[in-house]
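Here is the structure we will look at, set down as structure tokens.
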Amino acid sequence: MPPPRRTVTSAPSAPELGASCLTGAIVIAVTNPLDSVKQRWQIRQCNSAALGSFTLDIVRSEGVWSGLWKPGLATNMLACSISVGTRLGLYPSLRDALSPDGSSGGSRFASGLLGGALGYIASAPLFAASRVAQAEAGLLAADGASYLTGARRGLPPTVDSLSGLPTLRQMAAERGVLSLWRGADVLVARGALLSATQLATYDAAKRRLCAAGLADGPAVHSAASLAASLALTTAICPFDVTYTAFTAGPTIGRPHASPAAAARALLREGGPVVFLRGWLPLWARFLPSSVLTFHIYEQTRRALLGSYLQ
């Protein structure tokens with residue numbers, strides 16, 4: 001079956017942006033436990049436990065909701081609604097503006113890069129609050145004076161709630177509003193590369209599969225999402241490790257003056273391979289989130305606009 005006939009997208013519509021924002025919120029509502037375990041795995045003090053044992057220990061001692069689902073949930077949902085809404089919502093228009101037939105790999109990559117950068121600049125404070133809340137996560141003692149588990153074991157809590165929103169207000173009150181963009185250069189670079197790699201790979205894989213005769217539908221979307229998840233995980237893992245170490249450093253007693261200083265410290269401690277620390281939980285988070293993202297986006301787009309991404 002030949003690929004569906006394309007229509008050039010002139011400007012993002014309200015339904016296009018709405019479908020994209022809704023996609024981001026739904027995906028993180030489902031996958032926040034994977035995000036939490038990835039963050040906590042990256043900043044753990046002890047390197048002996050395997051990922052499975054580490055996760056089971058959290059579930060046994062803190063529970064699924066308190067230990068994995070709740071930390072940073074509110075701010076993470078808002079952040080992903082903004083970032084995914086921007087990069088997915090703008091992608092077709094930017095791609096078609098750069099290359100009307102959409103066949104240029106460079107235009108696909110550049111469109112994802114620009115939309116991703118804009119989305120992550122806007123959502124950086126929400127992501128920062130989520131990281132702090134997830135780094136803080138742990139089981140509190142009965143008197144609430146200190147943590148019994150987690151990266152702050154034996155230390156007092158520094159935030160009032162782990163949902164993320166109180167953390168955001170507290171960070172702004174204590175450090176100033178502009179501090180909420182502290183370390184945003186790494187986050188924006190990570191987000192722009194994530195967006196460019198994911199969208200360009202998904203678009204290219206989908207085109208190839210449709211050109212090979214497969215019908216544009218859920219099976220093609222799943223296969224293209226798998227390819228996108230592998231590409232983006234490998235591309236952004238070094239940025240993710242660095243950003244987590246930098247933003248969570250003050251919370252766990254290992255502050256760094258800058259993202260570059262955090263990267264140098266990581267390199268000294270673990271060598272180059274340290275920048276792939278957490279690749280498996282990162283991919284475990286991005287595989288389902290990529291599949292969910294594109295399935296929800298494609299189906300919502302079809303319902304609101306009458307067609308899949310072309």
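Every chain in the structure tokens takes a letter, A first, then B, and so on in the order presented; its residues are numbered from 1, and the ligands are numbered from 1 following the presented order.
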
* as an NGL selection string, list the residues of range 75-170 of chain A assigned to helix (DSSP H, G or I) by DSSP on the backbone atoms of this structure. => :A and (75-98 or 105-136 or 165-170)

* **Spatial neighbours of Phe286 in chain A, 7 Å, only C-alpha atoms, chain gap at least 4 places, as a count of residues only** => 3

* Closest of A:Ala141, A:Ala49, A:Leu280, A:Ala135 to Gly253 in chain A - atom-to-atom distances counting only C-alpha atoms ->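 Under the stated criterion, the closest residue is A:Ala135.
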
* Residue neighbourhood Thr86 in chain A, 8 Å, only C-alpha atoms, exclusion window fewer than 3 positions, as a PyMOL selection string -> chain A and resi 17+20-21+82-83+89-90+115-116+118-119

Do you have, as JSON lines, the list of residues of range 188-285 of chain A lying at most 10 Å from range 103-107 of chain A, each with its nearest atom pair and that distance in Å to one decimal, counting only C-alpha atoms and ordered by chain then number?
```
{"residue": "A:Ala196", "atom": "CA", "partner": "A:Gly106", "partner_atom": "CA", "distance": 9.9}
{"residue": "A:Ala200", "atom": "CA", "partner": "A:Gly105", "partner_atom": "CA", "distance": 7.0}
{"residue": "A:Thr201", "atom": "CA", "partner": "A:Gly105", "partner_atom": "CA", "distance": 9.0}
{"residue": "A:Asp203", "atom": "CA", "partner": "A:Gly105", "partner_atom": "CA", "distance": 9.2}
{"residue": "A:Ala204", "atom": "CA", "partner": "A:Gly105", "partner_atom": "CA", "distance": 7.6}
{"residue": "A:Arg207", "atom": "CA", "partner": "A:Ser103", "partner_atom": "CA", "distance": 9.0}
```

* To do: Rank nothing, just name the residue among A:Ala129, A:Val37, A:Ile43, A:Ala211 nearest to Ala245 in chain A, using only C-alpha atoms.
  =>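 With only C-alpha atoms as the atom set, the closest residue is A:Ile43.
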
* **Near-Leu139 in chain A list (7 Å; only C-alpha atoms; drop same-chain fewer than 5 positions) as a list in words** => Glu62, Tyr147, Leu148 and Thr149 of chain A

Written selection (all heavy atoms) as an mmCIF file, in the first residue's frame:
```
data_model
loop_
_atom_site.group_PDB
_atom_site.id
_atom_site.type_symbol
_atom_site.label_atom_id
_atom_site.label_comp_id
_atom_site.auth_asym_id
_atom_site.auth_seq_id
_atom_site.Cartn_x
_atom_site.Cartn_y
_atom_site.Cartn_z
ATOM 1 N N GLU A 62 8.332 1.658 51.014
ATOM 2 C CA GLU A 62 7.607 2.921 50.882
ATOM 3 C C GLU A 62 6.262 2.786 50.188
ATOM 4 O O GLU A 62 5.416 3.680 50.301
ATOM 5 C CB GLU A 62 8.472 3.927 50.106
ATOM 6 C CG GLU A 62 9.834 4.184 50.727
ATOM 7 C CD GLU A 62 10.741 4.997 49.824
ATOM 8 O OE1 GLU A 62 10.217 5.796 49.013
ATOM 9 O OE2 GLU A 62 11.982 4.826 49.902
ATOM 10 N N TYR A 147 14.454 10.999 57.340
ATOM 11 C CA TYR A 147 14.108 9.912 56.428
ATOM 12 C C TYR A 147 14.743 8.604 56.887
ATOM 13 O O TYR A 147 15.888 8.579 57.358
ATOM 14 C CB TYR A 147 14.585 10.225 55.009
ATOM 15 C CG TYR A 147 13.721 11.241 54.287
ATOM 16 C CD1 TYR A 147 14.131 12.564 54.166
ATOM 17 C CD2 TYR A 147 12.496 10.868 53.741
ATOM 18 C CE1 TYR A 147 13.339 13.497 53.499
ATOM 19 C CE2 TYR A 147 11.696 11.790 53.080
ATOM 20 C CZ TYR A 147 12.121 13.097 52.967
ATOM 21 O OH TYR A 147 11.338 14.007 52.324
ATOM 22 N N LEU A 148 13.996 7.536 56.724
ATOM 23 C CA LEU A 148 14.504 6.200 57.043
ATOM 24 C C LEU A 148 15.053 5.502 55.805
ATOM 25 O O LEU A 148 15.820 4.549 55.917
ATOM 26 C CB LEU A 148 13.382 5.346 57.653
ATOM 27 C CG LEU A 148 12.755 5.872 58.944
ATOM 28 C CD1 LEU A 148 11.608 4.962 59.390
ATOM 29 C CD2 LEU A 148 13.802 5.994 60.048
ATOM 30 N N THR A 149 14.638 5.947 54.629
ATOM 31 C CA THR A 149 15.104 5.361 53.368
ATOM 32 C C THR A 149 15.372 6.490 52.378
ATOM 33 O O THR A 149 15.047 7.649 52.624
ATOM 34 C CB THR A 149 14.052 4.412 52.755
ATOM 35 O OG1 THR A 149 12.869 5.177 52.436
ATOM 36 C CG2 THR A 149 13.679 3.292 53.712
#
```

* Which residue of A:Val159, A:Leu165, A:Val291, A:Ala79 approaches Ala227 in chain A most closely, using only C-alpha atoms -> A:Val291

* Asked: Can you list, as a PyMOL selection string, every protein, DNA or RNA residue that comes within 10 Å of Pro218 in chain A when you count only C-alpha atoms, leaving out same-chain residues fewer than 5 positions away?
  -> chain A and resi 223-224+291+294-295+298-299

* From the set A:Ala184, A:Val27, A:Leu113, A:Ala284, which residue has the shortest atom-to-atom contact distance to Leu230 in chain A, counting only C-alpha atoms? ->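 Counting only C-alpha atoms, the residue closest to Leu230 in chain A is A:Ala284.
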
* Asked: What is the CA of Gly150 in chain A-CA of Leu232 in chain A distance in Å, reported with one decimal?
  ->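 Straight-line distance from CA of Gly150 in chain A to CA of Leu232 in chain A works out to 28.3 Å.
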
* Shell around Gly63 in chain A at 12 Å using only C-alpha atoms, local window under 5 positions removed, as a list of chain:residue names -> A:Pro33, A:Thr55, A:Leu56, A:Asp57, A:Ile58, A:Leu68, A:Trp69, A:Lys70, A:Pro71, A:Ala137, A:Gly138, A:Leu139, A:Thr149

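For the set A:Pro12, A:Gly306, A:Gly164, A:Gly52, the residue with the smallest atom-to-atom gap to Pro281 in chain A is A:Gly52, counting only C-alpha atoms.
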
* Work out how far CA of Leu162 in chain A is from CA of Gln134 in chain A, in Å to one decimal. =>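 Here the two named atoms are 7.2 Å from each other.
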
* For Tyr91 in chain A: contacts at 9 Å, only C-alpha atoms, fewer than 6 positions along chain excluded, given as a list in words ->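 That gives Pro12, Arg108, Ser111, Gly112, Leu114, Gly115 and Leu199 of chain A.
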
Serialized selection, all heavy atoms, as a CSV table (one decimal), in the first residue's frame:
```
chain,number,residue,atom,x,y,z
A,12,PRO,N,0.1,25.5,13.3
A,12,PRO,CA,-0.5,24.6,14.2
A,12,PRO,C,-1.9,25.1,14.6
A,12,PRO,O,-2.1,26.3,14.9
A,12,PRO,CB,0.5,24.6,15.4
A,12,PRO,CG,1.2,25.9,15.3
A,12,PRO,CD,1.3,26.2,13.8
A,108,ARG,N,13.4,17.4,9.4
A,108,ARG,CA,12.7,16.7,10.4
A,108,ARG,C,13.5,16.9,11.8
A,108,ARG,O,12.9,17.2,12.8
A,108,ARG,CB,12.6,15.2,10.1
A,108,ARG,CG,11.6,14.9,9.0
A,108,ARG,CD,11.2,13.5,8.9
A,108,ARG,NE,12.4,12.6,8.5
A,108,ARG,CZ,12.6,12.2,7.3
A,108,ARG,NH1,11.9,12.6,6.3
A,108,ARG,NH2,13.6,11.4,7.0
A,111,SER,N,13.3,20.6,13.0
A,111,SER,CA,11.9,20.9,13.5
A,111,SER,C,11.8,20.4,14.9
A,111,SER,O,11.2,21.0,15.8
A,111,SER,CB,10.9,20.3,12.6
A,111,SER,OG,11.0,20.8,11.3
A,112,GLY,N,12.2,19.1,15.1
A,112,GLY,CA,12.1,18.6,16.5
A,112,GLY,C,13.0,19.3,17.4
A,112,GLY,O,12.7,19.5,18.6
A,114,LEU,N,14.0,22.6,17.3
A,114,LEU,CA,13.5,23.9,17.7
A,114,LEU,C,12.3,23.8,18.6
A,114,LEU,O,12.2,24.5,19.6
A,114,LEU,CB,13.2,24.6,16.4
A,114,LEU,CG,12.6,26.0,16.6
A,114,LEU,CD1,13.5,26.9,17.4
A,114,LEU,CD2,12.3,26.7,15.2
A,115,GLY,N,11.4,22.9,18.2
A,115,GLY,CA,10.2,22.7,19.1
A,115,GLY,C,10.5,22.2,20.4
A,115,GLY,O,10.0,22.7,21.5
A,199,LEU,N,11.4,12.5,17.2
A,199,LEU,CA,10.5,12.9,16.2
A,199,LEU,C,11.0,12.5,14.8
A,199,LEU,O,10.3,12.0,13.9
A,199,LEU,CB,10.1,14.3,16.2
A,199,LEU,CG,9.2,14.7,17.4
A,199,LEU,CD1,9.1,16.2,17.6
A,199,LEU,CD2,7.8,14.1,17.3
```

* Asked: For Asp160 in chain A, which of A:Glu136, A:Leu78, A:Arg208, A:Gly270 is the closest residue, counting only C-alpha atoms?
  ->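 Nearest candidate to Asp160 in chain A out of A:Glu136, A:Leu78, A:Arg208, A:Gly270: A:Glu136.
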
* Asked: Mind pulling up the distance from CA of Arg190 in chain A to CA of Trp41 in chain A?
  ->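 Going from CA of Trp41 in chain A over to CA of Arg190 in chain A, I get 18.8 Å.
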